[in-house]
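Here the structure is laid out as structure tokens; the discussion comes afterwards.
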Amino acid sequence: MFDRVSLLSRPHLSRRRLLWLGAGAGAFGVIGAGPAAAVLRIDITQGNVQPMPIALPDFIAAAPAESEVARNVTGVIAGNLRRSGLFAPIDPAAYLEKIVNSDAVPRFADWRTINAQALVTGRLTRQNDGRLKAEFRLWDVFAAQQLTGQQYFTTADNWRRIAHIISDAIYERLTGEKGYFDSRVVFVDETGPKDRRVKRLAIMDQDGAGVRYLTRGDDLVLTPRFNPSTQEITYMSYGQSDPRVFLLNIETGQREIVGNFPGMTFAPRFSPDGQRVIMSLQQGGNSNLFVMDLRSRATTRLTDTAAIDTSPSYSPDGARICFESDRGGRQQIYVMAAQGGPAQRISFGDGSYSTPVWSPRGDYIAFTRQAGGQFAIGIMKPDGSGERVLTEGYHNEGPSFAPNGRVLMFFRDPGNGPSLYTVDITGRNEQKVPTPAFASDPAWSPLLS
């Protein structure tokens, strides 16, 4: 069954908008429904997940001119699912059936023989107006039934985003969780000698493709962070004067200064509704937390201590913030109401804790922990319980959650230069993210759709 039709015209359109644009196209009925059976599902709440064998034959090209794009779409989907650690794409050389009609019921016995639990079939067709129509079906091999089917229309150059959206649909249907593949990452691109690094803001797809530079490298840039509700980022820039906090619209390139603050400014981050920016301002030997309303530009002080309070991050409901502070003598993580007030310390392990960030799901706070010469990336519950180290090594830092809260991206610098990595919240699946040069300070966007 094709259960929805979407028209993808520009990468930054919301999926709701895409659905509206695609209205009026027909839906298709269920085919190949087999006997009732248990629903095929991966339980990702368990710590030790055996990857699901999944078959992904190349999408069928309705015309020879679309053959390369069809192969590329299949490759991106397979790569996304493999990197998640939850799926094991089967080597195409093992396939017994050649899919020649994506609408036909597969020979399920052939796919069971090679131990495929799920099968994805698809087709690309170029429309008379030049757009691509992409269709796919997801099959439960052992139950011999279709699980879902969807189709999309897009401009020819937007095929990669279709592959990410299809990946998300497969991921969600087989795990019960939202996917994270149709998202982007903004980061600091670093080039040049170690003592004269040029740092530019850059943005890419979550798999490292489609890198685009947002600044020229004239000024030093740090700590980019996404607005949860728009395609806008906030970041720090060191120019000829004191550091300043900027807002940058990714699509238009328009940039504006949030405000001019005396002294140093650190770690700006948006509120969940995108209407405020919270940051740390240094005054003398200490720094405190402030929040600015982006409409009125009014600034409110949240902490007033002789310590260094920095790296604030909102809970997804906007009711609380976590931050790091050395008010107890060493950097630790604290939680308090978003309006300020008493703060509760939640980190009590060995060493110091920094760069806390709240999961979009609200269930964990990620952190960097430094102890015994090692830098660990870990997570804990908002009350400090359930602390778990996901990865450790030399200079791991700066965790950022995927929009579904199941994966973290961070950077690691062994000494010669930083690189980006992902690790899931079980700590079992760590992957290096390809970038053109050295890269640091990653920030994951919300889902584009």
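Simple scheme: letters A, B, ... for chains in structure tokens order, numbers from 1 for residues in each chain, numbers from 1 for ligands in the order shown.
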Can you list every residue of segment 268-343 of chain A that has an atom at most 9 Å from segment 221-241 of chain A, with its nearest atom pair and the distance in Å to one decimal, using only C-alpha atoms, ordered by chain then number, as JSON lines?
{"residue": "A:Pro268", "atom": "CA", "partner": "A:Tyr235", "partner_atom": "CA", "distance": 6.5}
{"residue": "A:Arg269", "atom": "CA", "partner": "A:Arg225", "partner_atom": "CA", "distance": 5.9}
{"residue": "A:Phe270", "atom": "CA", "partner": "A:Asn227", "partner_atom": "CA", "distance": 5.6}
{"residue": "A:Ser271", "atom": "CA", "partner": "A:Pro228", "partner_atom": "CA", "distance": 7.8}
{"residue": "A:Pro272", "atom": "CA", "partner": "A:Pro228", "partner_atom": "CA", "distance": 5.8}
{"residue": "A:Asp273", "atom": "CA", "partner": "A:Ser229", "partner_atom": "CA", "distance": 6.4}
{"residue": "A:Gly274", "atom": "CA", "partner": "A:Asn227", "partner_atom": "CA", "distance": 5.5}
{"residue": "A:Gln275", "atom": "CA", "partner": "A:Asn227", "partner_atom": "CA", "distance": 8.9}
{"residue": "A:Val277", "atom": "CA", "partner": "A:Thr234", "partner_atom": "CA", "distance": 8.3}
Give me the residues within 10 Å of segment 278-286 of chain A as a PyMOL selection string, counting only C-alpha atoms and dropping any in the same chain fewer than 5 places off.
chain A and resi 245+261-271+291-293+299-314+321+323+326+338
Just how far from atom CA of Ile377 of chain A is atom CA of Gly351 of chain A, in Å to one decimal?
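Atom-to-atom, atom CA of Gly351 of chain A and atom CA of Ile377 of chain A are spaced 12.7 Å apart.
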Of the listed residues A:Ala109, A:Val407, A:Ile54, A:Ala134, that which approaches Gly378 of chain A most closely, counting only C-alpha atoms:
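That would be A:Val407, the residue with the smallest distance to Gly378 of chain A.
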For Gln332 of chain A, the nearest of the candidates A:Arg320, A:Glu66, A:Met380, A:Ser347, counting only C-alpha atoms:
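Result for the nearest residue to Gln332 of chain A: A:Ser347.
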Neighbour list for segment 426-436 of chain A as a list of chain:residue names, cut-off 8 Å, only C-alpha atoms, skip fewer than 4 positions in-chain
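Here the qualifying residues turn out to be A:Gly47, A:Asn48, A:Arg83, A:Ser84, A:Gly85, A:Asp207, A:Gly208, A:Val211, A:Val389, A:Leu390, A:Thr391, A:Ser419, A:Leu420, A:Tyr421, A:Thr422.
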Write out as a CSV table (one decimal) with C-alpha atoms, in the first residue's frame which residues come within 10 Å of Ile77 of chain A when counting only C-alpha atoms, dropping same-chain ones fewer than 4 positions away.
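Below is the file that was written, selection-v1.csv:
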chain,number,residue,atom,x,y,z
A,56,LEU,CA,17.8,-3.8,-0.4
A,72,ASN,CA,22.5,6.0,-5.6
A,73,VAL,CA,19.2,6.2,-3.8
A,81,LEU,CA,20.5,1.7,7.9
A,82,ARG,CA,23.9,0.1,8.3
A,89,PRO,CA,22.1,-5.1,4.7
A,120,VAL,CA,12.7,-3.1,0.4
A,160,ARG,CA,19.5,12.3,-1.8
A,162,ILE,CA,14.3,11.3,-0.8
A,163,ALA,CA,16.7,8.5,0.2
A,164,HIS,CA,17.0,9.9,3.7
A,165,ILE,CA,13.2,10.2,4.1
A,166,ILE,CA,12.7,6.6,2.9
A,167,SER,CA,15.4,5.5,5.4
A,168,ASP,CA,13.4,7.3,8.2
A,170,ILE,CA,11.9,2.1,7.2
A,181,PHE,CA,18.4,10.5,8.7
Closest of A:Ala55, A:Ala70, A:Leu138, A:Ala298 to Trp111 of chain A, counting only C-alpha atoms, is A:Ala55
Under the rule that only C-alpha atoms are counted, which of A:Pro92, A:Gly405, A:Gly259, A:Pro399 is the nearest residue to Ser354 of chain A?
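The shortest atom-to-atom distance to Ser354 of chain A comes from A:Pro399.
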Mind checking which residues fall within 7 Å of Gln117 of chain A, counting only C-alpha atoms, ignoring those fewer than 2 positions away in the same chain, and posting them as JSON, numbers by chain?
{"A": [52, 53, 54, 115, 119, 140, 141, 142]}
Kindly indicate which residue among A:Leu132, A:Leu174, A:Ala104, A:Val357 lies nearest to Gln151 of chain A, using only C-alpha atoms for the distances.
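Using only C-alpha atoms, Gln151 of chain A sits closest to A:Leu132.
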Taking into account only C-alpha atoms, which residue in the set A:Asn101, A:Asp43, A:Ala63, A:Ile203 is nearest to Glu177 of chain A?
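The answer is A:Asp43, which sits nearest to Glu177 of chain A.
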Among segment 159-198 of chain A, which ones does DSSP place in strand (DSSP E), written as a ChimeraX atom specification?
/A:184-191,198
Keeping C-alpha atoms for every residue in the selection just given, could you write it to a file as a CSV table (one decimal), in the first residue's frame?
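So the final result, stored in result.csv, reads:
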chain,number,residue,atom,x,y,z
A,184,ARG,CA,21.6,18.1,9.0
A,185,VAL,CA,24.6,18.9,11.1
A,186,VAL,CA,26.3,22.3,11.5
A,187,PHE,CA,30.0,22.1,12.6
A,188,VAL,CA,33.3,24.0,12.6
A,189,ASP,CA,35.5,23.2,9.6
A,190,GLU,CA,39.2,23.5,10.5
A,191,THR,CA,42.0,23.9,7.9
A,198,VAL,CA,41.1,28.8,9.7
To one decimal place in Å, what is the distance between atom CA of Leu201 of chain A and atom CA of Ser352 of chain A?
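About the pair atom CA of Leu201 of chain A and atom CA of Ser352 of chain A: they are 28.6 Å apart.
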One decimal, Å: what's the distance from atom CA of Thr74 of chain A over to atom CA of Phe59 of chain A, could you say?
6.1 Å
